[in-house]
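Source file my_file_30.json; content: JSON, C-alpha atoms.
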[["chain", "number", "residue", "atom", "x", "y", "z"],
["E", 1295, "MET", "CA", -92.56, -18.85, -17.13],
["E", 1296, "GLN", "CA", -90.43, -16.36, -15.27],
["E", 1297, "CYS", "CA", -93.38, -15.05, -13.26],
["E", 1298, "LYS", "CA", -94.47, -18.57, -12.40],
["E", 1299, "GLY", "CA", -90.95, -19.37, -11.25],
["E", 1300, "ASN", "CA", -90.84, -16.26, -9.06],
["E", 1301, "ASP", "CA", -94.19, -17.19, -7.52],
["E", 1302, "GLN", "CA", -92.83, -20.62, -6.62],
["E", 1303, "VAL", "CA", -89.75, -19.09, -5.02],
["E", 1304, "LYS", "CA", -91.93, -16.71, -3.02],
["E", 1305, "LYS", "CA", -94.17, -19.54, -1.85],
["E", 1306, "THR", "CA", -91.16, -21.56, -0.73],
["E", 1307, "ALA", "CA", -89.70, -18.55, 1.08],
["E", 1308, "TYR", "CA", -93.00, -17.85, 2.87],
["E", 1309, "LEU", "CA", -93.26, -21.51, 3.87],
["E", 1310, "LEU", "CA", -89.73, -21.52, 5.30],
["E", 1311, "LEU", "CA", -90.43, -18.27, 7.15],
["E", 1312, "TRP", "CA", -93.61, -19.74, 8.66],
["E", 1313, "VAL", "CA", -91.75, -22.86, 9.81],
["E", 1314, "LEU", "CA", -89.08, -20.66, 11.37],
["E", 1315, "VAL", "CA", -91.72, -18.64, 13.26],
["E", 1316, "LEU", "CA", -93.28, -21.85, 14.59],
["E", 1317, "LEU", "CA", -89.91, -23.14, 15.73],
["E", 1318, "LEU", "CA", -89.05, -19.88, 17.47],
["E", 1319, "THR", "CA", -92.44, -19.83, 19.21],
["E", 1320, "ALA", "CA", -92.00, -23.42, 20.39],
["E", 1321, "CYS", "CA", -88.49, -22.73, 21.65],
["E", 1322, "SER", "CA", -89.68, -19.61, 23.44],
["E", 1323, "SER", "CA", -92.46, -21.55, 25.20],
["E", 1324, "TRP", "CA", -90.08, -24.32, 26.21],
["E", 1325, "LEU", "CA", -87.52, -21.87, 27.56],
["E", 1326, "SER", "CA", -90.09, -19.95, 29.57],
["E", 1327, "ALA", "CA", -91.09, -23.17, 31.35],
["E", 1328, "SER", "CA", -87.59, -24.51, 31.83],
["E", 1329, "PRO", "CA", -86.02, -24.52, 35.31],
["E", 1330, "SER", "CA", -82.82, -23.30, 33.67],
["E", 1331, "GLN", "CA", -84.47, -19.87, 33.40],
["E", 1332, "GLY", "CA", -83.83, -19.24, 37.10],
["E", 1333, "ARG", "CA", -81.09, -16.94, 38.35],
["E", 1334, "LEU", "CA", -78.36, -16.76, 40.95],
["E", 1335, "VAL", "CA", -78.94, -14.23, 43.73],
["E", 1336, "ASN", "CA", -76.30, -12.92, 46.11],
["E", 1337, "VAL", "CA", -77.28, -13.65, 49.70],
["E", 1338, "GLY", "CA", -74.23, -12.17, 51.41],
["E", 1339, "GLY", "CA", -70.97, -13.39, 49.93],
["E", 1340, "TYR", "CA", -72.39, -16.45, 48.18],
["E", 1341, "GLU", "CA", -75.11, -17.08, 45.62],
["E", 1342, "MET", "CA", -78.26, -19.17, 45.64],
["E", 1343, "TYR", "CA", -80.40, -20.35, 42.73],
["E", 1344, "LEU", "CA", -83.97, -19.06, 42.50],
["E", 1345, "HIS", "CA", -86.55, -19.86, 39.82],
["E", 1346, "CYS", "CA", -89.80, -17.85, 39.72],
["E", 1347, "MET", "CA", -92.64, -18.04, 37.22],
["E", 1348, "GLY", "CA", -95.96, -16.27, 36.81],
["E", 1349, "THR", "CA", -97.40, -13.18, 38.46],
["E", 1350, "GLY", "CA", -99.84, -12.47, 41.23],
["E", 1351, "THR", "CA", -100.26, -12.75, 44.97],
["E", 1352, "PRO", "CA", -99.78, -14.54, 47.28],
["E", 1353, "THR", "CA", -96.43, -15.86, 46.09],
["E", 1354, "VAL", "CA", -95.99, -19.62, 46.40],
["E", 1355, "ILE", "CA", -92.59, -20.75, 47.72],
["E", 1356, "MET", "CA", -91.67, -24.41, 47.16],
["E", 1357, "GLU", "CA", -89.13, -26.20, 49.37],
["E", 1358, "ALA", "CA", -87.61, -29.55, 48.35],
["E", 1359, "GLY", "CA", -86.79, -32.48, 50.63],
["E", 1360, "LEU", "CA", -83.51, -33.94, 51.87],
["E", 1361, "ASN", "CA", -80.68, -33.33, 49.36],
["E", 1362, "ASP", "CA", -83.26, -32.43, 46.70],
["E", 1363, "VAL", "CA", -83.42, -29.40, 44.41],
["E", 1364, "ALA", "CA", -85.89, -27.06, 42.69],
["E", 1365, "GLU", "CA", -86.39, -29.43, 39.76],
["E", 1366, "THR", "CA", -88.49, -31.73, 41.97],
["E", 1367, "TRP", "CA", -91.35, -29.23, 41.44],
["E", 1368, "SER", "CA", -91.09, -29.23, 37.62],
["E", 1369, "LEU", "CA", -94.55, -30.81, 37.14],
["E", 1370, "VAL", "CA", -96.20, -28.52, 39.69],
["E", 1371, "GLN", "CA", -94.64, -25.09, 39.41],
["E", 1372, "PRO", "CA", -95.65, -24.21, 35.81],
["E", 1373, "GLU", "CA", -99.28, -25.07, 36.55],
["E", 1374, "VAL", "CA", -99.37, -23.03, 39.75],
["E", 1375, "ALA", "CA", -97.71, -20.15, 37.86],
["E", 1376, "GLY", "CA", -100.84, -19.94, 35.73],
["E", 1377, "PHE", "CA", -102.64, -18.61, 38.83],
["E", 1378, "THR", "CA", -100.00, -16.68, 40.77],
["E", 1379, "ARG", "CA", -96.25, -16.21, 41.14],
["E", 1380, "ALA", "CA", -94.55, -19.50, 42.02],
["E", 1381, "CYS", "CA", -90.91, -19.86, 43.11],
["E", 1382, "SER", "CA", -88.61, -22.79, 43.81],
["E", 1383, "TYR", "CA", -84.95, -22.73, 44.78],
["E", 1384, "ASP", "CA", -81.87, -24.76, 45.62],
["E", 1385, "ARG", "CA", -80.73, -24.65, 49.23],
["E", 1386, "ALA", "CA", -77.11, -23.58, 49.78],
["E", 1387, "GLY", "CA", -74.74, -26.41, 48.86],
["E", 1388, "LEU", "CA", -77.26, -28.14, 46.59],
["E", 1389, "GLY", "CA", -77.90, -27.94, 42.85],
["E", 1390, "LYS", "CA", -76.84, -24.62, 41.37],
["E", 1391, "SER", "CA", -76.39, -22.85, 44.73],
["E", 1392, "ASP", "CA", -73.04, -22.15, 46.37],
["E", 1393, "LEU", "CA", -72.04, -23.66, 49.68],
["E", 1394, "GLY", "CA", -73.30, -21.67, 52.65],
["E", 1395, "PRO", "CA", -71.83, -20.99, 56.08],
["E", 1396, "GLU", "CA", -71.96, -23.42, 58.99],
["E", 1397, "PRO", "CA", -73.80, -24.52, 61.00],
["E", 1398, "ARG", "CA", -76.37, -25.83, 58.54],
["E", 1399, "ASP", "CA", -79.21, -25.95, 61.04],
["E", 1400, "SER", "CA", -82.89, -25.26, 60.39],
["E", 1401, "TYR", "CA", -82.69, -21.60, 61.41],
["E", 1402, "GLN", "CA", -79.83, -21.00, 58.98],
["E", 1403, "ILE", "CA", -81.87, -22.63, 56.20],
["E", 1404, "VAL", "CA", -84.94, -20.44, 56.71],
["E", 1405, "ARG", "CA", -82.90, -17.26, 57.22],
["E", 1406, "GLU", "CA", -81.09, -17.91, 53.93],
["E", 1407, "LEU", "CA", -84.40, -18.42, 52.15],
["E", 1408, "HIS", "CA", -85.74, -15.14, 53.54],
["E", 1409, "ILE", "CA", -82.59, -13.25, 52.50],
["E", 1410, "LEU", "CA", -82.80, -14.87, 49.06],
["E", 1411, "LEU", "CA", -86.40, -13.71, 48.58],
["E", 1412, "THR", "CA", -85.65, -10.22, 49.93],
["E", 1413, "ASN", "CA", -82.58, -9.70, 47.76],
["E", 1414, "ALA", "CA", -84.44, -11.00, 44.69],
["E", 1415, "GLY", "CA", -87.33, -8.59, 45.31],
["E", 1416, "ILE", "CA", -89.85, -11.39, 45.87],
["E", 1417, "GLU", "CA", -92.19, -9.87, 48.42],
["E", 1418, "GLY", "CA", -94.85, -11.62, 50.46],
["E", 1419, "PRO", "CA", -97.38, -12.61, 51.43],
["E", 1420, "TYR", "CA", -96.28, -16.20, 50.92],
["E", 1421, "VAL", "CA", -97.96, -19.57, 50.65],
["E", 1422, "LEU", "CA", -95.32, -22.12, 51.65],
["E", 1423, "VAL", "CA", -95.08, -25.63, 50.18],
["E", 1424, "GLY", "CA", -92.69, -28.17, 51.69],
["E", 1425, "HIS", "CA", -91.92, -31.75, 50.73],
["E", 1426, "SER", "CA", -90.51, -34.25, 53.24],
["E", 1427, "LEU", "CA", -87.75, -32.51, 55.25],
["E", 1428, "GLY", "CA", -88.73, -29.30, 53.48],
["E", 1429, "GLY", "CA", -92.04, -29.45, 55.33],
["E", 1430, "MET", "CA", -90.31, -28.92, 58.66],
["E", 1431, "TYR", "CA", -88.30, -26.03, 57.21],
["E", 1432, "MET", "CA", -91.49, -24.40, 55.93],
["E", 1433, "ARG", "CA", -93.20, -24.87, 59.30],
["E", 1434, "LEU", "CA", -90.29, -23.07, 60.95],
["E", 1435, "PHE", "CA", -90.37, -20.31, 58.31],
["E", 1436, "ALA", "CA", -94.09, -19.82, 59.00],
["E", 1437, "ASP", "CA", -93.29, -19.32, 62.68],
["E", 1438, "TYR", "CA", -90.15, -17.22, 62.23],
["E", 1439, "TYR", "CA", -91.72, -14.89, 59.64],
["E", 1440, "GLN", "CA", -95.35, -15.34, 60.58],
["E", 1441, "GLU", "CA", -96.40, -11.83, 59.47],
["E", 1442, "GLU", "CA", -95.42, -12.71, 55.90],
["E", 1443, "VAL", "CA", -97.02, -16.17, 55.61],
["E", 1444, "VAL", "CA", -100.70, -16.75, 54.77],
["E", 1445, "GLY", "CA", -100.86, -20.48, 54.02],
["E", 1446, "LEU", "CA", -99.02, -23.79, 54.19],
["E", 1447, "VAL", "CA", -99.03, -27.03, 52.18],
["E", 1448, "LEU", "CA", -97.16, -30.05, 53.59],
["E", 1449, "VAL", "CA", -96.36, -32.73, 51.01],
["E", 1450, "ASP", "CA", -95.72, -36.04, 52.83],
["E", 1451, "SER", "CA", -93.75, -33.99, 55.31],
["E", 1452, "ALA", "CA", -91.17, -35.39, 57.69],
["E", 1453, "HIS", "CA", -91.89, -35.02, 61.41],
["E", 1454, "ILE", "CA", -89.46, -34.46, 64.25],
["E", 1455, "ASP", "CA", -90.70, -37.57, 66.12],
["E", 1456, "ASP", "CA", -90.45, -39.98, 63.17],
["E", 1457, "SER", "CA", -87.07, -41.58, 63.92],
["E", 1458, "GLU", "CA", -87.78, -42.08, 67.62],
["E", 1459, "ARG", "CA", -91.12, -43.76, 67.03],
["E", 1460, "CYS", "CA", -89.76, -45.97, 64.25],
["E", 1461, "ALA", "CA", -86.83, -47.08, 66.42],
["E", 1462, "ALA", "CA", -89.30, -48.16, 69.08],
["E", 1463, "VAL", "CA", -90.82, -50.81, 66.79],
["E", 1464, "LEU", "CA", -87.55, -52.24, 65.43],
["E", 1465, "PRO", "CA", -87.38, -56.02, 65.94],
["E", 1466, "PRO", "CA", -84.45, -57.46, 67.91],
["E", 1467, "GLU", "CA", -81.30, -57.67, 65.82],
["E", 1468, "SER", "CA", -80.79, -61.01, 64.07],
["E", 1469, "PRO", "CA", -77.83, -62.36, 62.04],
["E", 1470, "ASN", "CA", -80.30, -63.52, 59.39],
["E", 1471, "GLU", "CA", -82.19, -60.26, 58.96],
["E", 1472, "SER", "CA", -82.61, -58.79, 55.50],
["E", 1473, "GLU", "CA", -80.27, -56.20, 54.03],
["E", 1474, "SER", "CA", -83.11, -53.67, 53.96],
["E", 1475, "LEU", "CA", -83.89, -54.14, 57.63],
["E", 1476, "ARG", "CA", -80.19, -53.82, 58.46],
["E", 1477, "SER", "CA", -80.02, -50.55, 56.50],
["E", 1478, "ILE", "CA", -83.01, -49.13, 58.37],
["E", 1479, "ARG", "CA", -81.44, -50.18, 61.68],
["E", 1480, "GLU", "CA", -78.21, -48.36, 60.77],
["E", 1481, "TRP", "CA", -80.14, -45.26, 59.72],
["E", 1482, "LEU", "CA", -82.15, -45.18, 62.94],
["E", 1483, "ALA", "CA", -78.98, -45.65, 65.01],
["E", 1484, "ASN", "CA", -77.80, -42.22, 63.90],
["E", 1485, "PRO", "CA", -80.69, -40.31, 62.29],
["E", 1486, "PRO", "CA", -80.72, -36.60, 61.45],
["E", 1487, "THR", "CA", -81.72, -34.63, 64.53],
["E", 1488, "PHE", "CA", -83.17, -31.16, 64.83],
["E", 1489, "PRO", "CA", -82.64, -30.06, 68.43],
["E", 1490, "GLU", "CA", -83.07, -26.43, 67.40],
["E", 1491, "LEU", "CA", -86.70, -26.95, 66.40],
["E", 1492, "PRO", "CA", -89.05, -26.04, 69.27],
["E", 1493, "GLU", "CA", -91.64, -28.69, 70.10],
["E", 1494, "GLN", "CA", -94.37, -26.05, 69.99],
["E", 1495, "LEU", "CA", -94.18, -26.04, 66.17],
["E", 1496, "PHE", "CA", -95.75, -29.50, 66.18],
["E", 1497, "GLU", "CA", -98.42, -28.90, 68.78],
["E", 1498, "PRO", "CA", -102.15, -28.86, 67.92],
["E", 1499, "GLY", "CA", -103.38, -25.38, 67.05],
["E", 1500, "SER", "CA", -99.85, -23.92, 66.92],
["E", 1501, "LEU", "CA", -100.52, -22.47, 63.45],
["E", 1502, "GLY", "CA", -103.78, -20.86, 64.55],
["E", 1503, "ASP", "CA", -106.38, -20.76, 61.77],
["E", 1504, "MET", "CA", -103.93, -20.41, 58.88],
["E", 1505, "PRO", "CA", -105.08, -22.35, 55.78],
["E", 1506, "LEU", "CA", -103.27, -25.70, 55.75],
["E", 1507, "VAL", "CA", -103.39, -28.75, 53.48],
["E", 1508, "VAL", "CA", -101.54, -31.91, 54.47],
["E", 1509, "LEU", "CA", -100.87, -34.43, 51.68],
["E", 1510, "SER", "CA", -99.84, -37.89, 52.89],
["E", 1511, "VAL", "CA", -98.88, -41.28, 51.46],
["E", 1512, "PRO", "CA", -100.53, -43.93, 53.68],
["E", 1513, "HIS", "CA", -98.59, -46.87, 52.24],
["E", 1514, "GLN", "CA", -94.96, -46.12, 51.45],
["E", 1515, "LYS", "CA", -93.07, -48.08, 48.80],
["E", 1516, "ARG", "CA", -90.54, -50.18, 50.70],
["E", 1517, "ALA", "CA", -88.23, -53.09, 49.99],
["E", 1518, "LYS", "CA", -90.03, -56.42, 49.67],
["E", 1519, "ASP", "CA", -87.55, -58.19, 51.94],
["E", 1520, "LEU", "CA", -88.78, -56.26, 54.99],
["E", 1521, "PRO", "CA", -91.07, -58.16, 57.36],
["E", 1522, "ALA", "CA", -94.65, -57.32, 56.42],
["E", 1523, "TRP", "CA", -95.62, -56.52, 60.01],
["E", 1524, "PHE", "CA", -92.72, -54.07, 60.27],
["E", 1525, "SER", "CA", -93.69, -52.25, 57.05],
["E", 1526, "ASP", "CA", -97.25, -52.00, 58.33],
["E", 1527, "ALA", "CA", -96.00, -50.62, 61.65],
["E", 1528, "LEU", "CA", -93.93, -47.95, 59.87],
["E", 1529, "ASP", "CA", -96.93, -46.97, 57.76],
["E", 1530, "GLU", "CA", -99.07, -46.67, 60.88],
["E", 1531, "ILE", "CA", -96.49, -44.43, 62.55],
["E", 1532, "TRP", "CA", -96.24, -42.25, 59.43],
["E", 1533, "VAL", "CA", -100.01, -41.84, 59.15],
["E", 1534, "ASP", "CA", -100.27, -40.95, 62.85],
["E", 1535, "LEU", "CA", -97.61, -38.26, 62.42],
["E", 1536, "GLN", "CA", -99.37, -36.90, 59.33],
["E", 1537, "LYS", "CA", -102.59, -36.66, 61.33],
["E", 1538, "GLU", "CA", -100.70, -34.72, 63.96],
["E", 1539, "TRP", "CA", -99.48, -32.34, 61.27],
["E", 1540, "ALA", "CA", -103.08, -31.76, 60.20],
["E", 1541, "GLN", "CA", -103.95, -30.70, 63.77],
["E", 1542, "ILE", "CA", -101.53, -27.77, 63.91],
["E", 1543, "SER", "CA", -104.16, -25.54, 62.26],
["E", 1544, "THR", "CA", -107.84, -25.24, 63.09],
["E", 1545, "ARG", "CA", -108.48, -24.77, 59.35],
["E", 1546, "SER", "CA", -106.83, -27.76, 57.72],
["E", 1547, "ASN", "CA", -107.58, -30.39, 55.10],
["E", 1548, "HIS", "CA", -105.87, -33.79, 55.18],
["E", 1549, "ILE", "CA", -105.67, -35.63, 51.84],
["E", 1550, "PHE", "CA", -104.23, -39.11, 51.26],
["E", 1551, "ALA", "CA", -102.35, -39.95, 48.05],
["E", 1552, "TYR", "CA", -103.10, -43.62, 47.45],
["E", 1553, "GLU", "CA", -101.31, -43.89, 44.10],
["E", 1554, "SER", "CA", -98.02, -42.24, 45.04],
["E", 1555, "GLY", "CA", -94.69, -43.00, 46.53],
["E", 1556, "HIS", "CA", -93.08, -40.43, 48.80],
["E", 1557, "PHE", "CA", -92.68, -37.93, 45.93],
["E", 1558, "ILE", "CA", -96.32, -37.00, 45.44],
["E", 1559, "GLN", "CA", -95.30, -33.95, 43.38],
["E", 1560, "GLN", "CA", -93.94, -36.34, 40.74],
["E", 1561, "ASP", "CA", -96.33, -39.31, 41.04],
["E", 1562, "GLN", "CA", -99.59, -37.37, 41.42],
["E", 1563, "PRO", "CA", -98.75, -33.72, 40.67],
["E", 1564, "ASP", "CA", -102.41, -32.79, 40.21],
["E", 1565, "LEU", "CA", -103.02, -33.51, 43.90],
["E", 1566, "VAL", "CA", -100.29, -31.08, 44.87],
["E", 1567, "ILE", "CA", -101.47, -28.44, 42.40],
["E", 1568, "ASP", "CA", -105.05, -28.69, 43.68],
["E", 1569, "ALA", "CA", -103.87, -28.47, 47.31],
["E", 1570, "ILE", "CA", -101.86, -25.32, 46.58],
["E", 1571, "LEU", "CA", -104.78, -23.72, 44.74],
["E", 1572, "GLN", "CA", -107.06, -24.52, 47.70],
["E", 1573, "VAL", "CA", -104.75, -22.66, 50.05],
["E", 1574, "ILE", "CA", -104.28, -19.75, 47.61],
["E", 1575, "GLU", "CA", -108.05, -19.30, 47.35],
["E", 1576, "LYS", "CA", -108.51, -19.27, 51.13],
["E", 1577, "ALA", "CA", -105.55, -16.94, 51.61],
["E", 1578, "ARG", "CA", -106.90, -14.49, 49.05],
["E", 1579, "ARG", "CA", -110.24, -14.38, 50.84],
["E", 1580, "ASP", "CA", -108.44, -13.71, 54.10],
["E", 1581, "LEU", "CA", -106.43, -10.89, 52.53],
["E", 1582, "LYS", "CA", -109.48, -8.99, 51.29]]
Would you write the structure of this file as structure tokens?
Amino acid sequence: MQCKGNDQVKKTAYLLLWVLVLLLTACSSWLSASPSQGRLVNVGGYEMYLHCMGTGTPTVIMEAGLNDVAETWSLVQPEVAGFTRACSYDRAGLGKSDLGPEPRDSYQIVRELHILLTNAGIEGPYVLVGHSLGGMYMRLFADYYQEEVVGLVLVDSAHIDDSERCAAVLPPESPNESESLRSIREWLANPPTFPELPEQLFEPGSLGDMPLVVLSVPHQKRAKDLPAWFSDALDEIWVDLQKEWAQISTRSNHIFAYESGHFIQQDQPDLVIDAILQVIEKARRDLK
């Protein structure tokens, strides 16, 4: 009886130990994939948040859109990290990063990113990925640090001419116009401007033959109280600008995301992952 009782105790202890091992393994896997595993890096008197996963080259650098943070890439980054090192970050003043010095123009943004990568020991070559406004920042980075960049992915990227072209198709103001149309009118009356960005960044062939994938949403999700013709006109302008983006490299691929809103990385992450892997593959061939 005593031996039988001891055996039962041992079996229970082994079972509990096995459950504990499984729990620790699960927690370890979850933590390794969690954005909270990033770190703060000193960039000259203030700190910025950087989150890198995986190993390999080229390193993929992911830039979020207007007022957005590293977490926007949470469905993309872990998958890309299975093939190479993948990094996302919070721009100064956003998310976990400290406020940075003024002026907050595009050159300051890309210089801070370069200092962040240098101080963190994240060496190039880089494949850059930019969503929305982040696309313009990544295009500038590719020009400013062109010797370190081997590929570019633009995810429904903003374009410097967007506001001007959209303003040109605004209907005459009416006291009965919808709230959504009024909001767009107010936005276009004082849109963000980027006078520091040289026009040459947007010219055909300006990126040479660097591998480029442009991901675009042809039909944006907009308020239903907008006039249908106006929504269609905005979509047409957006698609035209995306086509212009695709012309900046002689080696580009333009892919439309028909089942996404503006945040393709969240609505159709596989499209973004595949686009990044396309560019990585071409860049690796070029580096041989």
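Remark: for Gln1402 of chain E, the closest of the candidate residues E:Ser1468, E:Ser1451, E:Thr1351, E:Glu1490 is E:Glu1490 (distances computed over only C-alpha atoms).
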Checklist line | From E:Val1449, E:Met1430, E:Leu1528, E:Leu1475, residue lying nearest Leu1495 of chain E [only C-alpha atoms] | finding: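 Distance minimum relative to Leu1495 of chain E lands on E:Met1430.
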Quick one: everything within 8 Å of segment 1403-1410 of chain E, counting all atoms listed in the file, minus sequence neighbours fewer than 3 positions away in the same chain. Send it as a short mmCIF file (atom, residue, chain, number, x, y, z; two decimals) with C-alpha atoms, in the frame of the given file.
data_model
loop_
_atom_site.label_atom_id
_atom_site.label_comp_id
_atom_site.auth_asym_id
_atom_site.auth_seq_id
_atom_site.Cartn_x
_atom_site.Cartn_y
_atom_site.Cartn_z
CA VAL E 1335 -78.94 -14.23 43.73
CA ASN E 1336 -76.30 -12.92 46.11
CA VAL E 1337 -77.28 -13.65 49.70
CA MET E 1342 -78.26 -19.17 45.64
CA LEU E 1344 -83.97 -19.06 42.50
CA ARG E 1385 -80.73 -24.65 49.23
CA ARG E 1398 -76.37 -25.83 58.54
CA ASP E 1399 -79.21 -25.95 61.04
CA SER E 1400 -82.89 -25.26 60.39
CA ASN E 1413 -82.58 -9.70 47.76
CA ALA E 1414 -84.44 -11.00 44.69
CA TYR E 1431 -88.30 -26.03 57.21
CA MET E 1432 -91.49 -24.40 55.93
CA LEU E 1434 -90.29 -23.07 60.95
CA PHE E 1435 -90.37 -20.31 58.31
#
Next item on the list: Point out the residue among E:Trp1367, E:Phe1496, E:Phe1377, E:Tyr1383 with the least atom-to-atom distance to Glu1341 of chain E, counting all atoms listed in the file.
Entry: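 Closest to Glu1341 of chain E of all the choices is E:Tyr1383.
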Item checked: Computed interatomic separation between atom CA of His1513 of chain E and atom CA of Ser1457 of chain E (Å) ->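 Computed distance, atom CA of His1513 of chain E to atom CA of Ser1457 of chain E, equals 17.2 Å.
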Notebook entry, point to check: Near Asp1534 of chain E, counting all atoms listed in the file, which residues have an atom at most 12 Å away, once you skip same-chain residues fewer than 4 positions from it, shown as JSON, numbers by chain?
Noted result: {"E": [1452, 1453, 1455, 1456, 1459, 1460, 1510, 1511, 1512, 1527, 1528, 1529, 1530, 1538, 1539, 1540, 1541, 1548]}
